[in-house]
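To start, the structure itself, in structure tokens.
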Amino acid sequence: MVSVVVDKRDCYKFETPISVGKILKKLGFLPSEVLVIMKDRLLTRDVVIRGEQEIEIRMVYSKG
Amino acid sequence: MKCIRCKKEAEVELKSHNAAFCRDCFLHFFENQVEKAIKKHSMFSKADKVLVAVSGGKDSLTLWSVLLDLGYNADGLFINLGINNFSEIARSKVEKFAQIRKVKLITVDLVDEGISIPDVKNKTRRPVCSLCGQIKRYYFNMMGLTEGYSVLATGHNLDDEVSRLFSNVLHWKMEYLKDQSPVLPSENGLLKKVKPLYRVTEFDTSAYAFFKDLDFVDIACPFSKGATFTVYKKHLNQIEFSFPGTKIDFYQGFLKKLRPIMTNDENSRKNTCKICGYPTFSDICGVCRLKGYR
């Protein structure tokens with residue numbers, strides 16, 4: 001399973017293996033709207049997550 | 001996905017550039033885009049004193065950081081809006097950055113000026129975001145001129161510019177379209193204004209801020225709920241996803257094809273404010289009126 005924390009609030013879990021692109025699609029995000037972070041690295045859409053992992057999704061919009 | 005420059009594992013994919021970059025190559029790309037914008041529009045040189053308008057958000061701190069890294073002489077200007085917790089957090093982020101980078105920070109406190117944003121919101125019926133923008137532009141200009149800076153730089157990125165252009169076109173706001181440009185020259189008591197981040201997107205500045213470990217404000221301004229531009233940005237991102245490169249084409253097309261034939265000085269501010277001397281369309285400028293002058 002991969003735990004996906006969105007904007008430090010909501011947490012979602014997905015079966016692995018799963019690609020970052022698929023996670024974004026399931027959550028309704030476009031790749032240009034968010035940073036996907038795992039272990040202090042940014043992940044591109046094609047990266048496949050395997051096993052037990054935790055990733056963070058951060059919205060890129062300015063908050064005013 | 002591999003970095004197109006060095007073939008290492010990529011961390012950033014930029015579809016509009018048909019490219020992917022590792023961390024180091026992305027930072028190189030980002031700095032290159034900023035430098036290109038500065039040079040292409042003759043924004044400023046290393047001899048100029050640049051004043052960066054910093055809010056504590058990711059775009060303005062990214063701009064300040066990248067200008068310093070590129071070797072420009074850039075100081076910061078922070079306007080404390082007086083919005084309780086939000087403004088205090090913003091101030092602490094900006095002060096921390098200035099302290100770490102050992103650079104000069106000028107602060108204007110709107111509470112001391114008698115026009116904090118919560119007070120102004122209660123006094124008038126005009127939209128608070130527009131008033132806040134008007135007040136900030138006034139102090140950016142005034143502080144820049146009185147402190148002897150050659151140019152004021154703001155952190156507007158490509159998404160800001162494209163959503164603003166989209167809005168101005170949707171509503172045919174011709175007077176605003178005339179004023180939309182990466183550079184507004186110095187004229188009639190107005191300091192030169194530039195937007196060195198206009199070639200990079202919100203995603204790019206976020207990635208830069210992440211890689212550079214910039215500590216910025218990541219809570220929303222309590223008055224910005226339901227801002228129209230956020231909705232436009234979302235729709236424009238959808239278009240960009242389907243047709244990469246649309247945003248930059250839209251903006252650069254406007255700059256090349258429409259803006260040159262629109263420019264005239266019909267609307268230039270001919271008066272100066274009787275109270276403060278700031279250029280204005282009437283006898284007393286908007287900020288002095290907010291301060292109670294009639």
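Lettering and numbering for the structure tokens are positional, with chains as A, B, ... in the shown order, residues counted from 1 in each chain, and ligands counted from 1 in the shown order.
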Wanna dump the chain A-chain B contacts at 10 Å for me, each residue with its shortest atom pair and the distance in Å to one decimal, counting only C-alpha atoms, ordered by chain and number, as a Markdown table?
```
| residue | atom | partner | partner_atom | distance |
| --- | --- | --- | --- | --- |
| A:Asp7 | CA | B:Asp218 | CA | 9.7 |
| A:Phe29 | CA | B:Gln238 | CA | 9.9 |
| A:Leu30 | CA | B:Phe241 | CA | 7.4 |
| A:Pro31 | CA | B:Phe241 | CA | 8.3 |
| A:Ser32 | CA | B:Phe203 | CA | 5.8 |
| A:Glu33 | CA | B:Phe203 | CA | 6.6 |
| A:Val34 | CA | B:Phe203 | CA | 7.1 |
| A:Leu35 | CA | B:Ala207 | CA | 7.1 |
| A:Val36 | CA | B:Glu11 | CA | 9.5 |
| A:Ile37 | CA | B:Glu11 | CA | 9.5 |
| A:Asp40 | CA | B:Phe211 | CA | 8.9 |
| A:Arg41 | CA | B:Glu11 | CA | 7.0 |
| A:Leu42 | CA | B:Glu11 | CA | 5.0 |
| A:Leu43 | CA | B:Glu11 | CA | 5.4 |
| A:Thr44 | CA | B:Glu11 | CA | 5.8 |
| A:Arg45 | CA | B:Glu13 | CA | 8.0 |
| A:Asp46 | CA | B:Met1 | CA | 6.7 |
| A:Val47 | CA | B:Met1 | CA | 7.7 |
| A:Arg58 | CA | B:Ser206 | CA | 9.2 |
| A:Met59 | CA | B:Ser206 | CA | 8.8 |
| A:Val60 | CA | B:Phe203 | CA | 5.7 |
| A:Tyr61 | CA | B:Glu202 | CA | 6.5 |
| A:Ser62 | CA | B:Gly57 | CA | 7.2 |
| A:Lys63 | CA | B:Ala220 | CA | 4.3 |
| A:Gly64 | CA | B:Cys221 | CA | 5.3 |
```
- request: Identify, with DSSP run on backbone atoms, the residues in chain A assigned to alpha helix (DSSP H), and express the list as a list of chain:residue names.
  value: A:Val20, A:Gly21, A:Lys22, A:Ile23, A:Leu24, A:Lys25, A:Lys26, A:Leu27
Strand (DSSP E) residues, from DSSP on the backbone, in segment 13-59 of chain A, as a ChimeraX atom specification: /A:13-14,18-19,34-38,41-42,48-49,53-59
field: atom CA of Lys8 of chain B to atom CA of Cys25 of chain B, straight-line distance in Å
entry: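 Separation between atom CA of Cys25 of chain B and atom CA of Lys8 of chain B: 9.6 Å.
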- prompt: Excluding same-chain residues fewer than 2 positions from segment 49-55 of chain A, what lies within 9 Å of it counting only C-alpha atoms, as a list of chain:residue names?
  reply: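 Here the qualifying residues turn out to be A:Met1, A:Val2, A:Ser3, A:Val4, A:Val5, A:Val6, A:Glu15, A:Thr16, A:Pro17, A:Ile18, A:Ser19, A:Val20, A:Val36, A:Ile37, A:Met38, A:Lys39, A:Val47, A:Ile57.
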Can I get the selected residues back with N, CA and C atoms, as a compact mmCIF listing (two decimals), in the first residue's frame?
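As a result, part.txt now contains:
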```txt
# COMPACT_ATOMS: atom_id res chain seq x y z
N MET A 1 0.83 -1.21 0.00
CA MET A 1 0.00 0.00 0.00
C MET A 1 0.87 1.26 0.00
N VAL A 2 0.33 2.31 -0.64
CA VAL A 2 1.00 3.61 -0.55
C VAL A 2 0.01 4.58 0.12
N SER A 3 0.50 5.31 1.13
CA SER A 3 -0.31 6.35 1.77
C SER A 3 -0.01 7.67 1.09
N VAL A 4 -1.05 8.37 0.69
CA VAL A 4 -0.87 9.64 -0.01
C VAL A 4 -1.48 10.76 0.84
N VAL A 5 -0.61 11.66 1.33
CA VAL A 5 -1.10 12.77 2.16
C VAL A 5 -1.21 14.01 1.27
N VAL A 6 -2.41 14.57 1.19
CA VAL A 6 -2.65 15.72 0.32
C VAL A 6 -2.72 16.99 1.16
N GLU A 15 -3.47 0.57 -3.48
CA GLU A 15 -2.71 -0.69 -3.65
C GLU A 15 -1.49 -0.42 -4.52
N THR A 16 -0.38 -1.05 -4.21
CA THR A 16 0.80 -0.95 -5.08
C THR A 16 0.96 -2.27 -5.85
N PRO A 17 1.65 -2.31 -6.97
CA PRO A 17 2.30 -1.18 -7.63
C PRO A 17 1.29 -0.28 -8.32
N ILE A 18 1.63 1.01 -8.30
CA ILE A 18 0.77 2.01 -8.96
C ILE A 18 1.65 3.18 -9.41
N SER A 19 1.34 3.75 -10.55
CA SER A 19 2.17 4.88 -11.03
C SER A 19 1.67 6.18 -10.40
N VAL A 20 2.57 7.16 -10.35
CA VAL A 20 2.21 8.48 -9.82
C VAL A 20 1.10 9.08 -10.68
N VAL A 36 4.67 16.13 -6.24
CA VAL A 36 4.55 14.82 -5.61
C VAL A 36 5.91 14.50 -4.99
N ILE A 37 5.91 14.33 -3.67
CA ILE A 37 7.18 14.23 -2.93
C ILE A 37 7.30 12.89 -2.24
N MET A 38 8.44 12.24 -2.43
CA MET A 38 8.72 11.01 -1.67
C MET A 38 10.18 11.05 -1.23
N LYS A 39 10.39 10.93 0.06
CA LYS A 39 11.74 10.92 0.65
C LYS A 39 12.58 12.09 0.12
N VAL A 47 6.76 7.42 -12.59
CA VAL A 47 7.37 6.63 -11.51
C VAL A 47 6.33 5.65 -10.95
N ILE A 57 1.47 15.03 -1.42
CA ILE A 57 1.08 15.85 -2.56
C ILE A 57 0.86 17.28 -2.07
```
field: Spatial neighbours of Ala153 of chain B, 8 Å, only C-alpha atoms, chain gap at least 6 places, as a PyMOL selection string
entry: chain B and resi 50-53+193-196
message: I want to know what sits within 9 Å of Ile117 of chain B, based on only C-alpha atoms, with residues of the same chain fewer than 2 positions away left out; could you give that as JSON, numbers by chain?
response: {"B": [81, 82, 83, 110, 111, 115, 119, 120, 121, 122, 128, 131, 132]}
Can you write out the residues you just picked, keeping all heavy atoms, as a compact mmCIF listing (two decimals), in the first residue's frame?
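part_29.txt, freshly written:
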```txt
# COMPACT_ATOMS: atom_id res chain seq x y z
N LEU B 81 0.35 43.91 6.14
CA LEU B 81 -1.04 44.27 5.85
C LEU B 81 -1.90 44.39 7.11
O LEU B 81 -3.03 44.86 7.04
CB LEU B 81 -1.66 43.21 4.91
CG LEU B 81 -0.89 42.95 3.61
CD1 LEU B 81 -1.53 41.79 2.85
CD2 LEU B 81 -0.86 44.19 2.74
N GLY B 82 -1.38 43.93 8.23
CA GLY B 82 -2.13 44.03 9.49
C GLY B 82 -3.24 43.00 9.61
O GLY B 82 -4.20 43.20 10.35
N ILE B 83 -3.10 41.90 8.85
CA ILE B 83 -4.11 40.82 8.94
C ILE B 83 -3.62 39.82 9.99
O ILE B 83 -2.97 38.82 9.67
CB ILE B 83 -4.33 40.12 7.57
CG1 ILE B 83 -4.60 41.16 6.47
CG2 ILE B 83 -5.46 39.11 7.64
CD1 ILE B 83 -4.66 40.60 5.08
N LEU B 110 1.13 48.80 7.63
CA LEU B 110 -0.13 49.50 7.32
C LEU B 110 -0.92 49.87 8.56
O LEU B 110 -1.76 50.76 8.52
CB LEU B 110 -0.99 48.67 6.37
CG LEU B 110 -0.45 48.46 4.95
CD1 LEU B 110 -1.51 47.80 4.07
CD2 LEU B 110 0.01 49.76 4.32
N VAL B 111 -0.65 49.20 9.69
CA VAL B 111 -1.32 49.58 10.94
C VAL B 111 -0.83 50.98 11.33
O VAL B 111 -1.61 51.87 11.65
CB VAL B 111 -1.04 48.55 12.06
CG1 VAL B 111 -1.70 48.98 13.36
CG2 VAL B 111 -1.53 47.16 11.64
N ILE B 115 -4.11 52.38 7.72
CA ILE B 115 -4.94 51.74 6.69
C ILE B 115 -4.66 50.23 6.64
O ILE B 115 -4.34 49.68 5.58
CB ILE B 115 -4.73 52.37 5.29
CG1 ILE B 115 -3.24 52.57 4.98
CG2 ILE B 115 -5.48 53.67 5.14
CD1 ILE B 115 -2.98 52.98 3.54
N ASP B 119 -9.15 47.10 8.54
CA ASP B 119 -9.81 48.40 8.74
C ASP B 119 -10.41 48.91 7.43
O ASP B 119 -11.55 49.37 7.39
CB ASP B 119 -8.79 49.45 9.22
CG ASP B 119 -8.58 49.36 10.71
OD1 ASP B 119 -9.29 48.56 11.35
OD2 ASP B 119 -7.69 50.08 11.21
N VAL B 120 -9.62 48.83 6.37
CA VAL B 120 -10.05 49.32 5.06
C VAL B 120 -11.27 48.53 4.58
O VAL B 120 -12.21 49.08 4.02
CB VAL B 120 -8.87 49.19 4.05
CG1 VAL B 120 -9.35 49.34 2.63
CG2 VAL B 120 -7.81 50.22 4.36
N LYS B 121 -11.24 47.22 4.84
CA LYS B 121 -12.36 46.35 4.43
C LYS B 121 -13.66 46.82 5.10
O LYS B 121 -14.72 46.83 4.48
CB LYS B 121 -12.04 44.90 4.83
CG LYS B 121 -13.09 43.90 4.36
CD LYS B 121 -12.68 42.49 4.78
CE LYS B 121 -13.63 41.45 4.24
NZ LYS B 121 -14.91 41.41 4.93
N ASN B 122 -13.54 47.20 6.37
CA ASN B 122 -14.74 47.64 7.09
C ASN B 122 -15.23 49.02 6.66
O ASN B 122 -16.40 49.34 6.80
CB ASN B 122 -14.48 47.66 8.61
CG ASN B 122 -14.29 46.24 9.12
OD1 ASN B 122 -14.80 45.29 8.52
ND2 ASN B 122 -13.54 46.10 10.21
N VAL B 128 -12.02 43.85 -1.39
CA VAL B 128 -10.83 44.04 -0.55
C VAL B 128 -9.53 43.69 -1.29
O VAL B 128 -8.51 44.35 -1.09
CB VAL B 128 -10.97 43.29 0.80
CG1 VAL B 128 -10.93 41.78 0.61
CG2 VAL B 128 -9.91 43.71 1.77
N LEU B 131 -8.47 46.69 -3.32
CA LEU B 131 -7.94 47.76 -2.45
C LEU B 131 -6.55 47.42 -1.94
O LEU B 131 -5.66 48.26 -1.90
CB LEU B 131 -8.87 47.95 -1.25
CG LEU B 131 -10.17 48.67 -1.52
CD1 LEU B 131 -11.12 48.53 -0.35
CD2 LEU B 131 -9.90 50.15 -1.79
N CYS B 132 -6.38 46.16 -1.56
CA CYS B 132 -5.09 45.70 -1.05
C CYS B 132 -4.02 45.88 -2.13
O CYS B 132 -2.93 46.37 -1.86
CB CYS B 132 -5.21 44.23 -0.64
SG CYS B 132 -3.73 43.55 0.08
```
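For the pair atom CA of Thr246 of chain B and atom CA of Phe216 of chain B, the separation is 29.1 Å.
Contact shell of Tyr293 of chain B at 12 Å (only C-alpha atoms; same-chain neighbours under 3 positions omitted): Cys273, Lys274, Ile275, Cys276, Asp283, Ile284, Cys285, Gly286, Val287, Cys288, Arg289 and Leu290 of chain B.
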So that I have them on file, write out the residues from the current selection with N, CA, C and O atoms, as a PDB file, in the first residue's frame.
```
ATOM      1  N   CYS B 273      -1.207  63.844  -6.713  1.00  0.00           N
ATOM      2  CA  CYS B 273      -2.046  63.956  -5.511  1.00  0.00           C
ATOM      3  C   CYS B 273      -1.653  65.219  -4.713  1.00  0.00           C
ATOM      4  O   CYS B 273      -0.457  65.449  -4.481  1.00  0.00           O
ATOM      5  N   LYS B 274      -2.645  66.001  -4.332  1.00  0.00           N
ATOM      6  CA  LYS B 274      -2.389  67.246  -3.575  1.00  0.00           C
ATOM      7  C   LYS B 274      -1.769  66.955  -2.210  1.00  0.00           C
ATOM      8  O   LYS B 274      -1.122  67.791  -1.613  1.00  0.00           O
ATOM      9  N   ILE B 275      -2.022  65.754  -1.688  1.00  0.00           N
ATOM     10  CA  ILE B 275      -1.538  65.419  -0.339  1.00  0.00           C
ATOM     11  C   ILE B 275      -0.130  64.818  -0.392  1.00  0.00           C
ATOM     12  O   ILE B 275       0.766  65.274   0.296  1.00  0.00           O
ATOM     13  N   CYS B 276       0.042  63.779  -1.222  1.00  0.00           N
ATOM     14  CA  CYS B 276       1.318  63.045  -1.173  1.00  0.00           C
ATOM     15  C   CYS B 276       2.165  63.180  -2.436  1.00  0.00           C
ATOM     16  O   CYS B 276       3.317  62.746  -2.459  1.00  0.00           O
ATOM     17  N   ASP B 283      -7.719  64.684  -7.990  1.00  0.00           N
ATOM     18  CA  ASP B 283      -6.909  65.614  -7.187  1.00  0.00           C
ATOM     19  C   ASP B 283      -6.211  64.914  -6.016  1.00  0.00           C
ATOM     20  O   ASP B 283      -5.121  65.293  -5.608  1.00  0.00           O
ATOM     21  N   ILE B 284      -6.935  63.939  -5.455  1.00  0.00           N
ATOM     22  CA  ILE B 284      -6.378  63.222  -4.301  1.00  0.00           C
ATOM     23  C   ILE B 284      -6.323  61.732  -4.661  1.00  0.00           C
ATOM     24  O   ILE B 284      -7.298  61.188  -5.188  1.00  0.00           O
ATOM     25  N   CYS B 285      -5.190  61.083  -4.383  1.00  0.00           N
ATOM     26  CA  CYS B 285      -5.038  59.676  -4.801  1.00  0.00           C
ATOM     27  C   CYS B 285      -5.892  58.744  -3.908  1.00  0.00           C
ATOM     28  O   CYS B 285      -6.329  59.146  -2.814  1.00  0.00           O
ATOM     29  N   GLY B 286      -6.091  57.530  -4.385  1.00  0.00           N
ATOM     30  CA  GLY B 286      -6.942  56.564  -3.697  1.00  0.00           C
ATOM     31  C   GLY B 286      -6.475  56.260  -2.278  1.00  0.00           C
ATOM     32  O   GLY B 286      -7.293  56.120  -1.364  1.00  0.00           O
ATOM     33  N   VAL B 287      -5.159  56.186  -2.083  1.00  0.00           N
ATOM     34  CA  VAL B 287      -4.644  55.823  -0.757  1.00  0.00           C
ATOM     35  C   VAL B 287      -4.868  56.983   0.229  1.00  0.00           C
ATOM     36  O   VAL B 287      -5.279  56.764   1.374  1.00  0.00           O
ATOM     37  N   CYS B 288      -4.650  58.208  -0.211  1.00  0.00           N
ATOM     38  CA  CYS B 288      -4.896  59.354   0.680  1.00  0.00           C
ATOM     39  C   CYS B 288      -6.386  59.454   1.013  1.00  0.00           C
ATOM     40  O   CYS B 288      -6.746  59.816   2.142  1.00  0.00           O
ATOM     41  N   ARG B 289      -7.242  59.099   0.037  1.00  0.00           N
ATOM     42  CA  ARG B 289      -8.689  59.104   0.332  1.00  0.00           C
ATOM     43  C   ARG B 289      -9.009  58.052   1.392  1.00  0.00           C
ATOM     44  O   ARG B 289      -9.792  58.293   2.300  1.00  0.00           O
ATOM     45  N   LEU B 290      -8.353  56.875   1.281  1.00  0.00           N
ATOM     46  CA  LEU B 290      -8.581  55.833   2.293  1.00  0.00           C
ATOM     47  C   LEU B 290      -8.118  56.289   3.676  1.00  0.00           C
ATOM     48  O   LEU B 290      -8.647  55.881   4.704  1.00  0.00           O
TER      49      LEU B 290
END
```
query: Which value, in Å to one decimal, gives the distance between atom CA of Arg164 of chain B and atom CA of Met143 of chain B?
result: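 Distance reported for this atom pair: 25.6 Å.
Comparing B:Thr62, B:Gln134, B:Thr124, B:Thr228 by their smallest distance to Glu31 of chain B, the closest is B:Thr62 (using only C-alpha atoms).
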Who sits within 10 Å of Arg259 of chain B, only C-alpha atoms, same chain under 3 positions skipped, as a PDB file with N, CA and C atoms, in the first residue's frame:
```
ATOM      1  N   LEU B 177      -5.518  45.920 -20.265  1.00  0.00           N
ATOM      2  CA  LEU B 177      -4.692  45.231 -21.271  1.00  0.00           C
ATOM      3  C   LEU B 177      -3.499  46.099 -21.671  1.00  0.00           C
ATOM      4  N   LYS B 178      -3.742  47.400 -21.773  1.00  0.00           N
ATOM      5  CA  LYS B 178      -2.660  48.328 -22.148  1.00  0.00           C
ATOM      6  C   LYS B 178      -1.533  48.305 -21.131  1.00  0.00           C
ATOM      7  N   ASP B 179      -1.893  48.051 -19.876  1.00  0.00           N
ATOM      8  CA  ASP B 179      -0.916  48.075 -18.779  1.00  0.00           C
ATOM      9  C   ASP B 179      -0.295  46.719 -18.504  1.00  0.00           C
ATOM     10  N   GLN B 180      -0.676  45.684 -19.277  1.00  0.00           N
ATOM     11  CA  GLN B 180      -0.151  44.350 -18.966  1.00  0.00           C
ATOM     12  C   GLN B 180       1.124  44.063 -19.756  1.00  0.00           C
ATOM     13  N   SER B 181       2.223  43.943 -19.036  1.00  0.00           N
ATOM     14  CA  SER B 181       3.520  43.727 -19.683  1.00  0.00           C
ATOM     15  C   SER B 181       4.536  43.253 -18.644  1.00  0.00           C
ATOM     16  N   GLN B 252       2.726  35.330 -25.029  1.00  0.00           N
ATOM     17  CA  GLN B 252       3.718  35.946 -25.917  1.00  0.00           C
ATOM     18  C   GLN B 252       3.055  36.480 -27.185  1.00  0.00           C
ATOM     19  N   GLY B 253       1.986  35.818 -27.635  1.00  0.00           N
ATOM     20  CA  GLY B 253       1.231  36.296 -28.790  1.00  0.00           C
ATOM     21  C   GLY B 253       0.639  37.664 -28.496  1.00  0.00           C
ATOM     22  N   PHE B 254       0.116  37.827 -27.288  1.00  0.00           N
ATOM     23  CA  PHE B 254      -0.438  39.123 -26.869  1.00  0.00           C
ATOM     24  C   PHE B 254       0.659  40.195 -26.880  1.00  0.00           C
ATOM     25  N   LEU B 255       1.833  39.825 -26.301  1.00  0.00           N
ATOM     26  CA  LEU B 255       2.918  40.810 -26.217  1.00  0.00           C
ATOM     27  C   LEU B 255       3.421  41.226 -27.594  1.00  0.00           C
ATOM     28  N   LYS B 256       3.464  40.239 -28.509  1.00  0.00           N
ATOM     29  CA  LYS B 256       4.016  40.530 -29.838  1.00  0.00           C
ATOM     30  C   LYS B 256       2.996  41.190 -30.751  1.00  0.00           C
ATOM     31  N   MET B 262      -1.771  48.658 -29.137  1.00  0.00           N
ATOM     32  CA  MET B 262      -2.687  49.242 -28.151  1.00  0.00           C
ATOM     33  C   MET B 262      -2.050  50.398 -27.405  1.00  0.00           C
ATOM     34  N   THR B 263      -0.728  50.408 -27.335  1.00  0.00           N
ATOM     35  CA  THR B 263      -0.050  51.356 -26.449  1.00  0.00           C
ATOM     36  C   THR B 263      -0.260  52.805 -26.887  1.00  0.00           C
TER      37      THR B 263
END
```
